[in-house]
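Shown here: structure-v1.txt, compact mmCIF, C-alpha atoms and all ligand atoms.
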# COMPACT_ATOMS: atom_id res chain seq x y z
CA MET A 1 8.74 97.04 -124.91
CA GLY A 2 11.13 98.99 -122.68
CA LEU A 3 13.59 96.14 -122.68
CA PHE A 4 13.37 95.88 -126.42
CA THR A 5 14.16 99.56 -126.90
CA GLU A 6 17.06 99.33 -124.47
CA LEU A 7 18.45 96.33 -126.26
CA LYS A 8 18.05 97.96 -129.59
CA ASP A 9 19.88 101.05 -128.42
CA SER A 10 22.82 99.01 -127.26
CA ILE A 11 23.31 97.41 -130.60
CA SER A 12 25.86 99.29 -132.65
CA ARG A 13 25.23 100.32 -136.21
CA ALA A 14 27.88 97.88 -137.29
CA THR A 15 26.06 94.99 -135.65
CA ASP A 16 22.85 96.14 -137.23
CA ARG A 17 24.48 96.00 -140.59
CA LEU A 18 25.77 92.51 -139.90
CA PHE A 19 22.23 91.20 -139.71
CA SER A 20 20.64 93.26 -142.47
CA ASP A 21 19.86 92.11 -145.98
CA GLN A 22 21.85 94.98 -147.31
CA ASP A 23 25.24 93.81 -146.19
CA PRO A 24 27.77 95.62 -148.29
CA LYS A 25 28.98 93.46 -151.15
CA ARG A 26 32.69 92.81 -150.97
CA ILE A 27 34.20 93.69 -154.31
CA GLY A 28 37.74 92.48 -155.03
CA ILE A 29 39.89 94.49 -157.40
CA TYR A 30 42.07 92.00 -159.25
CA GLY A 31 44.35 92.18 -162.25
CA PRO A 32 48.04 92.08 -163.14
CA PRO A 33 50.59 94.23 -161.30
CA ASN A 34 50.72 97.86 -162.51
CA ALA A 35 47.30 97.82 -164.22
CA GLY A 36 46.12 100.67 -161.97
CA LYS A 37 44.18 98.74 -159.29
CA THR A 38 45.28 100.95 -156.40
CA THR A 39 44.75 104.12 -158.44
CA LEU A 40 41.20 102.97 -159.16
CA ALA A 41 40.53 101.89 -155.55
CA ASN A 42 41.74 105.29 -154.36
CA ARG A 43 39.63 107.17 -156.86
CA ILE A 44 36.49 105.27 -155.87
CA ALA A 45 37.26 105.73 -152.16
CA ARG A 46 38.02 109.46 -152.60
CA ASP A 47 34.96 110.10 -154.75
CA TRP A 48 32.57 108.55 -152.24
CA THR A 49 34.22 108.65 -148.81
CA GLY A 50 36.74 111.47 -149.07
CA ASP A 51 39.87 109.48 -148.26
CA ALA A 52 42.27 107.12 -149.93
CA ILE A 53 43.01 103.45 -149.49
CA GLY A 54 46.68 102.92 -150.38
CA THR A 55 49.82 103.99 -152.20
CA GLU A 56 49.92 104.09 -155.98
CA SER A 57 53.30 103.33 -157.37
CA HIS A 58 55.34 102.44 -160.40
CA VAL A 59 57.32 100.19 -158.05
CA PRO A 60 56.22 96.61 -158.59
CA HIS A 61 54.52 95.00 -155.60
CA GLU A 62 53.85 98.29 -153.81
CA THR A 63 50.54 96.82 -152.71
CA ARG A 64 51.80 93.73 -150.94
CA ARG A 65 48.78 92.97 -148.80
CA ALA A 66 45.09 93.14 -149.62
CA ARG A 67 43.68 96.45 -148.38
CA ARG A 68 40.04 97.06 -147.62
CA LYS A 69 37.88 100.15 -147.59
CA GLU A 70 34.55 99.46 -145.97
CA ASN A 71 31.12 100.90 -146.58
CA VAL A 72 31.72 102.87 -149.70
CA GLU A 73 28.29 104.20 -150.55
CA ILE A 74 27.81 104.92 -154.24
CA GLU A 75 24.75 106.87 -155.33
CA ARG A 76 23.27 106.32 -158.76
CA ASN A 77 19.93 107.59 -160.07
CA GLY A 78 18.50 108.20 -156.62
CA LYS A 79 19.46 104.75 -155.36
CA SER A 80 22.52 103.93 -153.35
CA VAL A 81 24.67 100.80 -153.23
CA THR A 82 27.17 100.08 -150.50
CA ILE A 83 30.31 98.10 -151.23
CA ASP A 84 33.51 97.14 -149.48
CA ILE A 85 36.45 97.59 -151.80
CA VAL A 86 39.35 95.16 -151.55
CA ASP A 87 42.50 96.29 -153.33
CA THR A 88 44.71 93.27 -154.00
CA PRO A 89 48.42 93.00 -154.87
CA GLY A 90 47.67 91.52 -158.26
CA VAL A 91 48.15 87.90 -159.08
CA THR A 92 51.31 86.41 -160.45
CA THR A 93 52.85 82.93 -160.48
CA LYS A 94 56.34 84.17 -159.64
CA VAL A 95 57.99 86.74 -157.41
CA ASP A 96 61.65 87.46 -157.95
CA TYR A 97 63.38 88.69 -154.86
CA GLU A 98 66.02 90.34 -157.09
CA GLU A 99 63.31 92.84 -158.10
CA PHE A 100 63.43 94.26 -154.59
CA THR A 101 67.18 94.43 -154.10
CA GLY A 102 67.81 97.53 -156.22
CA GLU A 103 66.36 100.07 -153.82
CA MET A 104 66.95 98.57 -150.37
CA ASP A 105 69.19 96.38 -148.26
CA GLU A 106 69.00 92.64 -148.33
CA GLU A 107 66.97 92.21 -145.17
CA ASP A 108 64.32 94.64 -146.41
CA ALA A 109 64.26 92.95 -149.80
CA ILE A 110 63.69 89.56 -148.22
CA ARG A 111 60.94 90.92 -146.00
CA ARG A 112 59.23 92.73 -148.87
CA SER A 113 59.38 89.76 -151.22
CA ARG A 114 57.92 87.59 -148.46
CA GLU A 115 55.11 90.11 -147.98
CA ALA A 116 54.51 90.09 -151.72
CA THR A 117 54.18 86.30 -151.90
CA GLU A 118 51.91 86.27 -148.85
CA GLY A 119 49.83 89.03 -150.42
CA VAL A 120 49.31 87.06 -153.63
CA ALA A 121 48.42 83.92 -151.65
CA GLU A 122 45.98 86.00 -149.62
CA ALA A 123 44.41 87.47 -152.77
CA MET A 124 43.85 83.94 -154.13
CA HIS A 125 42.32 82.92 -150.84
CA TRP A 126 39.99 85.94 -150.84
CA LEU A 127 38.89 85.00 -154.32
CA ARG A 128 37.90 81.51 -153.21
CA GLU A 129 36.29 82.47 -149.91
CA ASP A 130 35.55 86.10 -149.32
CA VAL A 131 34.56 88.24 -152.29
CA ASP A 132 31.09 88.71 -153.76
CA GLY A 133 32.16 90.29 -157.02
CA VAL A 134 35.27 91.14 -159.00
CA ILE A 135 36.53 94.17 -160.87
CA TYR A 136 39.28 92.91 -163.16
CA VAL A 137 41.57 95.80 -164.10
CA LEU A 138 43.71 95.68 -167.24
CA ASP A 139 46.13 98.18 -168.76
CA SER A 140 44.61 98.90 -172.21
CA ALA A 141 48.05 99.55 -173.64
CA GLU A 142 49.15 95.98 -172.87
CA ASP A 143 48.24 92.67 -174.49
CA PRO A 144 45.36 91.28 -172.39
CA ILE A 145 45.92 87.69 -173.42
CA THR A 146 48.37 86.41 -170.87
CA GLN A 147 48.40 83.11 -169.04
CA VAL A 148 47.70 84.75 -165.71
CA ASN A 149 44.75 86.81 -167.03
CA THR A 150 43.18 83.82 -168.76
CA MET A 151 43.68 81.62 -165.72
CA LEU A 152 42.33 84.21 -163.28
CA ILE A 153 39.25 84.96 -165.38
CA GLY A 154 38.69 81.18 -165.51
CA ILE A 155 38.96 80.92 -161.73
CA ILE A 156 36.54 83.85 -161.28
CA GLU A 157 34.06 82.31 -163.74
CA SER A 158 34.23 78.96 -161.99
CA ARG A 159 33.14 80.66 -158.75
CA ASP A 160 30.16 82.22 -160.52
CA LEU A 161 31.11 85.68 -159.31
CA PRO A 162 29.79 88.75 -161.12
CA VAL A 163 32.74 90.33 -162.92
CA LEU A 164 33.36 93.60 -164.69
CA ILE A 165 36.45 94.13 -166.80
CA PHE A 166 37.92 97.61 -166.55
CA ALA A 167 40.01 98.67 -169.52
CA ASN A 168 42.18 101.23 -167.73
CA LYS A 169 44.68 103.81 -169.00
CA ILE A 170 42.61 104.84 -172.05
CA ASP A 171 44.49 108.15 -171.87
CA LEU A 172 47.57 106.41 -173.28
CA ASP A 173 48.23 106.66 -177.03
CA ASP A 174 48.53 102.94 -177.63
CA ALA A 175 45.49 102.00 -175.56
CA SER A 176 43.10 99.56 -177.24
CA VAL A 177 39.78 98.83 -175.56
CA LYS A 178 38.75 96.60 -178.46
CA ARG A 179 41.68 94.28 -177.86
CA ILE A 180 40.33 93.69 -174.35
CA GLU A 181 36.70 93.29 -175.52
CA ASP A 182 37.84 90.75 -178.09
CA ALA A 183 39.88 88.83 -175.55
CA PHE A 184 36.99 88.45 -173.07
CA PRO A 185 33.78 88.82 -175.11
CA GLN A 186 31.79 86.97 -172.44
CA HIS A 187 32.16 89.89 -170.02
CA LYS A 188 31.20 93.54 -169.92
CA THR A 189 34.22 95.79 -170.52
CA VAL A 190 34.22 99.37 -169.24
CA PRO A 191 36.85 101.79 -170.57
CA LEU A 192 38.33 104.34 -168.17
CA SER A 193 41.33 106.27 -167.00
CA ALA A 194 41.59 105.89 -163.24
CA LYS A 195 44.42 108.40 -163.20
CA GLU A 196 42.69 111.13 -165.21
CA GLY A 197 39.19 110.30 -163.97
CA ASP A 198 37.86 109.71 -167.49
CA ASN A 199 34.52 107.92 -167.95
CA MET A 200 33.89 107.50 -164.22
CA ASP A 201 30.13 107.98 -164.65
CA GLU A 202 29.91 104.81 -166.71
CA VAL A 203 32.19 103.11 -164.17
CA TYR A 204 29.83 103.91 -161.29
CA ASP A 205 26.71 103.07 -163.32
CA ASN A 206 28.14 99.63 -163.96
CA ILE A 207 29.31 99.08 -160.39
CA ALA A 208 25.81 99.93 -159.17
CA GLN A 209 24.19 97.71 -161.78
CA TYR A 210 26.45 94.66 -161.35
CA PHE A 211 27.12 94.74 -157.63
CA GLY A 212 24.11 96.58 -156.24
CA MET B 213 77.14 55.67 -163.00
CA PRO B 214 74.40 57.64 -164.72
CA LYS B 215 74.01 57.17 -168.43
CA ALA B 216 73.42 59.84 -171.05
CA THR B 217 74.76 62.70 -168.99
CA ASN B 218 77.14 65.33 -170.15
CA THR B 219 80.23 64.84 -168.03
CA ASP B 220 81.63 68.26 -169.02
CA ASP B 221 78.88 69.88 -167.04
CA PRO B 222 79.62 69.98 -163.33
CA GLU B 223 75.97 70.82 -162.63
CA GLY B 224 74.89 67.41 -163.80
CA PRO B 225 72.96 66.31 -166.87
CA ASP B 226 72.83 68.82 -169.70
CA GLY B 227 69.16 68.93 -170.59
CA VAL B 228 65.86 68.92 -168.94
CA GLN B 229 63.61 66.25 -167.57
CA ILE B 230 60.02 66.34 -168.70
CA ASP B 231 57.38 64.69 -166.54
CA LEU B 232 54.35 63.66 -168.61
CA ILE B 233 51.37 63.03 -166.38
CA SER B 234 48.41 61.23 -167.90
CA GLY B 235 44.83 62.24 -167.19
CA GLU B 236 44.21 58.75 -165.89
CA ARG B 237 46.90 59.08 -163.25
CA MET B 238 45.68 62.54 -162.25
CA ALA B 239 42.10 61.32 -161.90
CA GLU B 240 43.13 59.11 -158.98
CA MET B 241 44.79 61.92 -157.06
CA ALA B 242 43.45 64.41 -154.54
CA THR B 243 43.96 68.11 -155.22
CA MET B 244 46.86 68.53 -152.83
CA GLU B 245 48.54 65.38 -154.12
CA LYS B 246 48.46 66.81 -157.63
CA ILE B 247 49.87 70.11 -156.46
CA ARG B 248 52.59 68.38 -154.44
CA MET B 249 53.57 66.25 -157.42
CA ILE B 250 53.72 69.27 -159.73
CA LEU B 251 55.72 71.43 -157.34
CA ASP B 252 58.09 68.60 -156.40
CA GLY B 253 58.83 68.17 -160.11
CA VAL B 254 59.31 71.90 -160.60
CA HIS B 255 61.56 72.17 -157.53
CA ASP B 256 63.75 69.50 -159.15
CA GLY B 257 64.00 71.70 -162.24
CA ASN B 258 61.67 69.56 -164.34
CA ILE B 259 59.04 70.61 -166.84
CA VAL B 260 55.73 69.03 -165.87
CA ILE B 261 53.17 68.39 -168.61
CA LEU B 262 49.66 67.52 -167.54
CA GLU B 263 47.63 65.76 -170.18
CA GLU B 264 44.35 67.05 -168.80
CA GLY B 265 45.30 70.12 -166.86
CA LEU B 266 43.81 71.32 -163.62
CA THR B 267 40.43 72.65 -162.62
CA PRO B 268 40.22 76.41 -161.95
CA ASP B 269 40.04 75.69 -158.23
CA GLU B 270 43.18 73.55 -158.42
CA GLU B 271 44.93 76.28 -160.41
CA SER B 272 44.05 78.75 -157.70
CA ARG B 273 45.46 76.46 -155.00
CA LEU B 274 48.56 75.82 -157.10
CA ILE B 275 49.24 79.57 -157.19
CA GLU B 276 48.65 79.88 -153.47
CA THR B 277 50.95 76.96 -152.64
CA THR B 278 53.60 78.23 -155.06
CA MET B 279 53.61 81.58 -153.26
CA ALA B 280 54.14 79.86 -149.91
CA GLU B 281 57.18 78.01 -151.28
CA ILE B 282 58.97 80.91 -152.92
CA ASN B 283 62.14 81.78 -151.08
CA PRO B 284 64.97 84.23 -151.76
CA ASP B 285 67.74 81.71 -152.13
CA GLY B 286 66.25 79.44 -154.69
CA PHE B 287 62.71 79.00 -155.84
CA ASN B 288 61.08 82.06 -157.38
CA GLY B 289 57.89 80.56 -158.72
CA ILE B 290 56.45 78.88 -161.79
CA GLU B 291 55.53 79.51 -165.38
CA ILE B 292 52.32 77.88 -166.46
CA GLU B 293 50.82 77.57 -169.91
CA THR B 294 47.50 76.00 -170.73
CA TYR B 295 45.64 75.37 -173.93
CA PRO B 296 42.79 73.29 -175.26
CA LYS B 297 43.90 70.03 -176.71
CA SER B 298 41.41 70.24 -179.54
CA GLU B 299 43.53 73.07 -180.91
CA ALA B 300 46.49 70.76 -181.16
CA GLY B 301 44.43 68.15 -183.02
CA ASP B 302 44.36 64.41 -182.48
CA SER B 303 47.65 63.90 -184.23
CA SER B 304 49.51 65.97 -181.69
CA LEU B 305 52.74 64.65 -180.34
CA LEU B 306 51.28 64.30 -176.90
CA GLY B 307 48.03 62.84 -178.13
CA ARG B 308 50.04 60.11 -179.77
CA ILE B 309 52.28 59.55 -176.78
CA MET B 310 49.35 59.41 -174.41
CA GLY B 311 47.12 57.57 -176.87
CA THR B 312 44.13 59.63 -175.91
CA ASN B 313 42.07 62.34 -177.47
CA ASP B 314 39.84 64.23 -175.13
CA ALA B 315 38.87 67.49 -176.81
CA GLU B 316 37.62 68.94 -173.53
CA ALA B 317 40.89 68.53 -171.72
CA LYS B 318 43.42 71.28 -171.70
CA LEU B 319 47.07 70.50 -171.87
CA THR B 320 49.04 72.30 -169.19
CA VAL B 321 52.76 72.88 -169.06
CA ILE B 322 54.38 74.00 -165.81
CA GLY B 323 58.02 74.76 -165.15
CA PRO B 324 60.35 76.66 -162.85
CA ALA B 325 60.20 80.41 -163.50
CA ASN B 326 63.92 80.97 -163.12
CA GLN B 327 64.86 78.48 -165.82
CA ILE B 328 62.25 78.97 -168.42
CA GLU B 329 62.69 81.67 -170.98
CA THR B 330 59.62 80.79 -172.97
CA LEU B 331 57.04 78.13 -172.77
CA HIS B 332 56.17 78.19 -176.38
CA LYS B 333 53.27 76.55 -178.05
CA ASP B 334 52.57 75.81 -181.67
CA GLU B 335 50.01 73.70 -183.51
CA THR B 336 51.35 70.27 -182.83
CA LEU B 337 54.14 70.53 -180.35
CA ILE B 338 55.12 72.14 -177.11
CA SER B 339 58.64 73.24 -176.86
CA ALA B 340 60.11 74.28 -173.59
CA LEU B 341 63.14 76.42 -174.10
CA VAL B 342 65.17 76.06 -171.01
CA SER B 343 68.00 78.37 -170.25
CA ARG B 344 71.23 76.58 -169.57
CA ASN B 345 72.61 79.15 -167.17
N1 LIG C 1 48.43 106.81 -167.93
C1 LIG C 1 47.79 106.23 -166.92
N2 LIG C 1 48.50 105.72 -165.89
C2 LIG C 1 47.83 105.13 -164.88
C3 LIG C 1 46.42 105.03 -164.88
N3 LIG C 1 46.05 104.38 -163.75
C4 LIG C 1 47.20 104.11 -163.07
N4 LIG C 1 48.28 104.57 -163.74
C5 LIG C 1 49.70 104.49 -163.35
O1 LIG C 1 50.12 103.14 -163.39
C6 LIG C 1 51.05 102.89 -162.35
C7 LIG C 1 50.57 101.74 -161.50
O2 LIG C 1 49.40 102.12 -160.82
P1 LIG C 1 48.89 101.35 -159.52
O3 LIG C 1 47.55 101.88 -159.21
O4 LIG C 1 49.92 101.37 -158.45
O5 LIG C 1 48.79 99.87 -160.13
P2 LIG C 1 48.50 98.46 -159.37
O6 LIG C 1 49.81 97.75 -159.27
O7 LIG C 1 47.55 97.74 -160.30
O8 LIG C 1 47.88 98.78 -158.05
C8 LIG C 1 51.20 104.19 -161.56
O9 LIG C 1 52.35 104.84 -162.02
C9 LIG C 1 49.93 104.92 -161.90
O10 LIG C 1 50.07 106.33 -161.83
C10 LIG C 1 45.69 105.58 -165.99
O11 LIG C 1 44.46 105.55 -166.08
N5 LIG C 1 46.44 106.16 -166.98
MG MG C 2 48.46 98.27 -156.12
How does this structure look as structure tokens?
Ligand SMILES: Nc1nc2c(ncn2[C@@H]2O[C@H](COP(=O)(O)OP(=O)(O)O)[C@@H](O)[C@H]2O)c(=O)[nH]1
Ligand SMILES: [Mg+2]
Amino acid sequence: MGLFTELKDSISRATDRLFSDQDPKRIGIYGPPNAGKTTLANRIARDWTGDAIGTESHVPHETRRARRKENVEIERNGKSVTIDIVDTPGVTTKVDYEEFTGEMDEEDAIRRSREATEGVAEAMHWLREDVDGVIYVLDSAEDPITQVNTMLIGIIESRDLPVLIFANKIDLDDASVKRIEDAFPQHKTVPLSAKEGDNMDEVYDNIAQYFG
Amino acid sequence: MPKATNTDDPEGPDGVQIDLISGERMAEMATMEKIRMILDGVHDGNIVILEEGLTPDEESRLIETTMAEINPDGFNGIEIETYPKSEAGDSSLLGRIMGTNDAEAKLTVIGPANQIETLHKDETLISALVSRN
């Protein structure tokens, strides 16, 4: 009995969690570049943990590596769900190094474009191996039917992962949530503005319901 | 001496090579062999048309491998377009060339990102509009 208590004391909370049924689900935030993935990840992290996860930017490929925020505890209707949020660089089939050359010297541009390609490769790898659910973020002001979106949704479906589609940027005049619902009728679409914080209650209700 | 090339063009042949890969040929290949064949074609500047496309898992590995091969002084990735063959109908150009009609299969067109302006699809024909520098 004494030994058991001693042993138990020496086990860290983190180790405890490793062996519990309630391991946090790892939720990957995917979607095209500039959809608002980092803005959303930051809002979720700030709302529930008090600090941010990464830099939001109009600069393409600002998020070049997957970033993780662990143990984000979301409370809904008296219950709580714990998730790890993985903010990804967004998936693309091409990275043009010229895109980086405008604002920096050549060496930096080469390094950044290499980081960007590694980040996309990493995000694909995470999707095959390491995530338990996906939030797919789209810019509601853009046409959702692109090759990359269709392909990525297909890849996610083939892995049988629970997926929520977030129709972001509903604050914009030419936003159309319906266009997104029509494009992916097989999935639940949640409208929001990650920047303005609009409709976040429904966002958290759905996160708790789908990934809890 | 090569035939049917435009000798005015110092870059070589004026036009684009299209690799048509039948479903039958693909069926015999392992995932990485398929990806290697596609990317080798694309590195050579070719448009690769797969009669029966790739599985989602293969698509995911194709993206990952493409990313690893992008480099600043040349290759900047791929364009990929996929659509169900049933849409094109059994009288499609490719259906006739390939002599097959599998409604489940999805035709997939892949090409080098830096050369392709549009991979355009219509009812019966794929046209790849390739920029000529
Ligand atoms: N109007 C509007 N802009 C947004 C919203 N969410 C993000 N943005 C902007 O979109 C740009 C890209 O955001 P970011 O989160 O970096 O996108 P990411 O590439 O998907 O991570 C930034 O300028 C954000 O301020 C939104 O809900 N509404
Ligand atoms: Mg980002």
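If you measure from each of B:Lys246, B:Arg273, B:Asn283, B:Val260 to Arg111 in chain A using only C-alpha atoms, the closest one turns out to be B:Asn283.
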Please, which residues have at least one atom within 6 Å of an atom of ligand LIG 1 (chain C), using all atoms listed in the file, listed as a PDB file with C-alpha atoms, in the frame of the given file?
ATOM      1  CA  PRO A  33      50.590  94.230-161.300  1.00  0.00           C
ATOM      2  CA  ASN A  34      50.720  97.860-162.510  1.00  0.00           C
ATOM      3  CA  ALA A  35      47.300  97.820-164.220  1.00  0.00           C
ATOM      4  CA  GLY A  36      46.120 100.670-161.970  1.00  0.00           C
ATOM      5  CA  LYS A  37      44.180  98.740-159.290  1.00  0.00           C
ATOM      6  CA  THR A  38      45.280 100.950-156.400  1.00  0.00           C
ATOM      7  CA  THR A  39      44.750 104.120-158.440  1.00  0.00           C
ATOM      8  CA  GLU A  56      49.920 104.090-155.980  1.00  0.00           C
ATOM      9  CA  SER A  57      53.300 103.330-157.370  1.00  0.00           C
ATOM     10  CA  HIS A  58      55.340 102.440-160.400  1.00  0.00           C
ATOM     11  CA  ASN A 168      42.180 101.230-167.730  1.00  0.00           C
ATOM     12  CA  LYS A 169      44.680 103.810-169.000  1.00  0.00           C
ATOM     13  CA  ASP A 171      44.490 108.150-171.870  1.00  0.00           C
ATOM     14  CA  LEU A 172      47.570 106.410-173.280  1.00  0.00           C
ATOM     15  CA  SER A 193      41.330 106.270-167.000  1.00  0.00           C
ATOM     16  CA  ALA A 194      41.590 105.890-163.240  1.00  0.00           C
ATOM     17  CA  LYS A 195      44.420 108.400-163.200  1.00  0.00           C
ATOM     18  CA  GLU A 196      42.690 111.130-165.210  1.00  0.00           C
TER      19      GLU A 196
END
Can you check which parts of chain A lie within 10 Å of chain B? Per residue, the shortest pair of atoms and distance in Å to one decimal, counting all atoms listed in the file, sorted by chain and number, as CSV.
residue,atom,partner,partner_atom,distance
A:Val91,CA,B:Ile275,CA,8.6
A:Thr92,CA,B:Ile275,CA,7.9
A:Thr93,CA,B:Ile290,CA,5.6
A:Lys94,CA,B:Gly289,CA,4.0
A:Val95,CA,B:Asn288,CA,5.6
A:Asp96,CA,B:Asn288,CA,5.5
A:Tyr97,CA,B:Pro284,CA,5.7
A:Glu98,CA,B:Pro284,CA,8.2
A:Glu106,CA,B:Pro284,CA,9.9
A:Ala109,CA,B:Pro284,CA,9.0
A:Ile110,CA,B:Pro284,CA,6.5
A:Arg111,CA,B:Pro284,CA,9.7
A:Ser113,CA,B:Pro284,CA,7.9
A:Arg114,CA,B:Asn283,CA,7.6
A:Ala116,CA,B:Met279,CA,8.7
A:Thr117,CA,B:Met279,CA,4.9
A:Glu118,CA,B:Met279,CA,6.7
A:Gly119,CA,B:Met279,CA,8.8
A:Val120,CA,B:Met279,CA,7.0
A:Ala121,CA,B:Glu276,CA,4.4
A:Glu122,CA,B:Glu276,CA,7.7
A:Ala123,CA,B:Glu276,CA,8.7
A:Met124,CA,B:Ser272,CA,6.3
A:His125,CA,B:Glu276,CA,7.5
A:Leu127,CA,B:Ser272,CA,8.8
A:Arg128,CA,B:Asp269,CA,8.0
A:Thr146,CA,B:Glu293,CA,9.2
A:Gln147,CA,B:Glu293,CA,6.1
A:Val148,CA,B:Ile292,CA,8.3
A:Thr150,CA,B:Thr294,CA,9.1
A:Met151,CA,B:Pro268,CA,7.3
A:Leu152,CA,B:Ser272,CA,8.0
A:Ile153,CA,B:Pro268,CA,9.3
A:Gly154,CA,B:Pro268,CA,6.1
A:Ile155,CA,B:Pro268,CA,4.7
A:Ile156,CA,B:Pro268,CA,8.3
A:Glu157,CA,B:Pro268,CA,8.7
A:Ser158,CA,B:Pro268,CA,6.5
A:Arg159,CA,B:Asp269,CA,8.5
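A straight line drawn from CA of Arg43 in chain A to CA of Asp84 in chain A is 13.9 Å long.
Shortest atom-to-atom contact with ligand MG 2 (chain C) among A:Ile29, A:Ala141, A:Ile83, A:Val134: A:Ile29, counting only C-alpha atoms and all ligand atoms.
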Checklist line | Distance in Å - CA of Met244 in chain B versus CA of Gly265 in chain B | finding: 14.2 Å
Checklist line | Length of the CA of Asp173 in chain A to CA of Thr189 in chain A vector [Å] | finding: 18.9 Å
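Distance annotation: of A:Gly90, A:Glu73, A:Thr82, A:Arg46, the residue with the minimal separation from ligand MG 2 (chain C) is A:Gly90; atom set is only C-alpha atoms and all ligand atoms.
If you measure from each of B:Ile328, B:Val321, B:Val228, B:Met241 to Asn258 in chain B using all atoms listed in the file, the closest one turns out to be B:Val228.
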Checklist line | Nearby residues (all atoms listed in the file) at most 7 Å from Glu264 in chain B, same-chain spacing under 2 positions excluded, as a PyMOL selection string | finding: chain B and resi 235+262+266+317-319
Next item on the list: Would you mind telling me which residue in A:Ala52, A:Ile165, A:Asn71, A:Asp87 lies nearest to ligand MG 2 (chain C) when using only C-alpha atoms and all ligand atoms?
Entry: A:Asp87
Quick one: 5 Å padding each side, axis-aligned, all listed atoms of range 130-139 of chain A - centre and edge lengths in Å to one decimal, as JSON?
{"center_x": 38.6, "center_y": 92.1, "center_z": -159.0, "size_x": 25.0, "size_y": 22.1, "size_z": 29.4}
Item checked: Residues within 9 Å of (44.8, 95.4, -150.4), counting all atoms listed in the file, listed as a ChimeraX atom specification -> /A:28-29,38,53-54,63-69,85-89,119,123
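Of the listed residues A:His61, A:Lys188, A:Lys79, A:Arg179, the one whose atoms come nearest to ligand MG 2 (chain C) is A:His61, with distances taken using all atoms listed in the file.
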